[in-house]
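A.B. asks: Before I ask anything, here is the structure I am working with.
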Amino acid sequence: MSIEVRKATEQDIYFIASIILLAESTGYELTTYAKMFNTTNDELLSVVAKMITNDSDGHPLCWRSYFIACYDGVPAGALSAYVEGEMGDSNHLMTGALMSTFSREQLKTAFQFLALYKDIQLKKNNGVLQIDCVATLENYSGKGVFGALLGAVERHYSEKGIKQAEIQVWLKNKHAFAVYENKGYKIIAERISQHDQENGKILMQKEL
Amino acid sequence: MTRDEVSVKIVSVFQKVFNNNELIIAEEYTASDVEGWDSITHLDLIVAVEHEFSIEINGFDVMGLQNVGDLIDLVVRKIEG
């Protein structure tokens, strides 16, 4: 068995789209693309694939920001990695990607939904590596794919001089919290949702 | 319309969207320089700029913006057509 980590290519677009939606399927998310656009992940798959087929970088809605972990040569997991602010504000870039795909009316409704959860927005720190949209296919769970992927990405950016990495985790997702804590990430901020006092977001950070 | 005139109008649009007449905006400003300039406000801002200058801005235009100066340049290009 071998695990290889590499930068994504355009051939990975559908796999990345499935990873983005899988990463939003733990059941702990208060906001997801499916909820924003009142649809299902099955219906969203081709839409998300089309959306990430843009030439930008520095945010999770473009294929260029992804790293792929291959298990015996087969894509098994992926994550988005970018340095906040390097290509512009990542949230603004994501707004652009959404605008390129959805109608203004759809976006207006989606952003009205997002605005309900404005209280749990956490600021991404400029110059810090952002880890986002992390998922491993179920068949490869527990085989070291995630550890190899995260480790390779952290080393890649550390060698480029980036000093810290951040990830945002849903408060109810105790499994994800434990996994990142085990990898050396520590809580630096927390937001509780007004709509669900037991859920919200945690910002975890690690020195690289 | 000159670039300077566009710039003055853009500042006025920012002040309306952020509901703050005292808001100071410089060309090098990014989201981290303006309190509350999140993705939701960004969409409001783009729509307000479209209305102010009677132009259309698409998602690819938005993905090319890194700061306020880029937005001014984009509007100038769109007006010149």
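Ordering of the structure tokens sets the chain letters (A, B, ...), residue numbers begin anew at 1 in every chain, and ligands are numbered from 1 in the order given.
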Would you mind listing, as a PyMOL selection string, all residues of chain A that have at least one atom within 7 Å of chain B, where only C-alpha atoms are what counts?
C.D. replies: chain A and resi 56+87-89+91-93+95-100+111
A.B. asks: Env of B:Gly69: 12 Å cut, atoms = only C-alpha atoms, seq-sep filter 6 positions within chain, self excluded. Answer as a PyMOL selection string.
C.D. replies: chain B and resi 3-4+6-8+10-11+25-30+75-76
A.B. asks: May I have the selected residues written with C-alpha atoms, as a JSON list (two decimals), in the first residue's frame?
C.D. replies:
```
[["chain", "number", "residue", "atom", "x", "y", "z"],
["B", 3, "ARG", "CA", -10.82, 57.62, -12.75],
["B", 4, "ASP", "CA", -10.84, 60.21, -9.95],
["B", 6, "VAL", "CA", -15.16, 56.99, -10.28],
["B", 7, "SER", "CA", -13.05, 56.82, -7.14],
["B", 8, "VAL", "CA", -15.11, 59.49, -5.36],
["B", 10, "ILE", "CA", -17.00, 54.35, -5.13],
["B", 11, "VAL", "CA", -16.26, 55.83, -1.70],
["B", 25, "ILE", "CA", -11.71, 54.11, 1.99],
["B", 26, "ALA", "CA", -8.28, 54.01, 0.36],
["B", 27, "GLU", "CA", -7.31, 52.26, -2.89],
["B", 28, "GLU", "CA", -5.06, 49.77, -1.14],
["B", 29, "TYR", "CA", -7.78, 48.74, 1.32],
["B", 30, "THR", "CA", -8.82, 45.09, 1.42],
["B", 75, "VAL", "CA", -15.51, 50.13, -13.13],
["B", 76, "VAL", "CA", -13.41, 52.40, -15.35]]
```
A.B. asks: Report, in Å with one decimal, the straight-line distance from atom CA of A:Tyr28 to atom CA of A:His195.
C.D. replies: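 Between these atoms lies a distance of 13.3 Å.
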A.B. asks: Provide the atom CA of B:Gly81 to atom CA of B:Ala48 distance in Å, to one decimal place.
C.D. replies: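 Between atom CA of B:Gly81 and atom CA of B:Ala48 the gap is 18.9 Å.
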A.B. asks: Can you pull out every residue within 7 Å of stretch 186-194 of chain A, counting only C-alpha atoms, but drop anything in the same chain fewer than 2 positions away, and send it as a list in words?
C.D. replies: Tyr117, Asp119, Ile120, Glu181, Gly184, Asp196, Gln197, Asn199, Gly200, Lys201, Ile202, Leu203, Met204, Gln205 and Lys206 of chain A
A.B. asks: Tell me, as a PyMOL selection string, which residues lie within 12 Å of A:Gln11, counting only C-alpha atoms; anything in the same chain fewer than 5 positions away does not count.
C.D. replies: chain A and resi 16-17+49+52-53+63-64+68+75
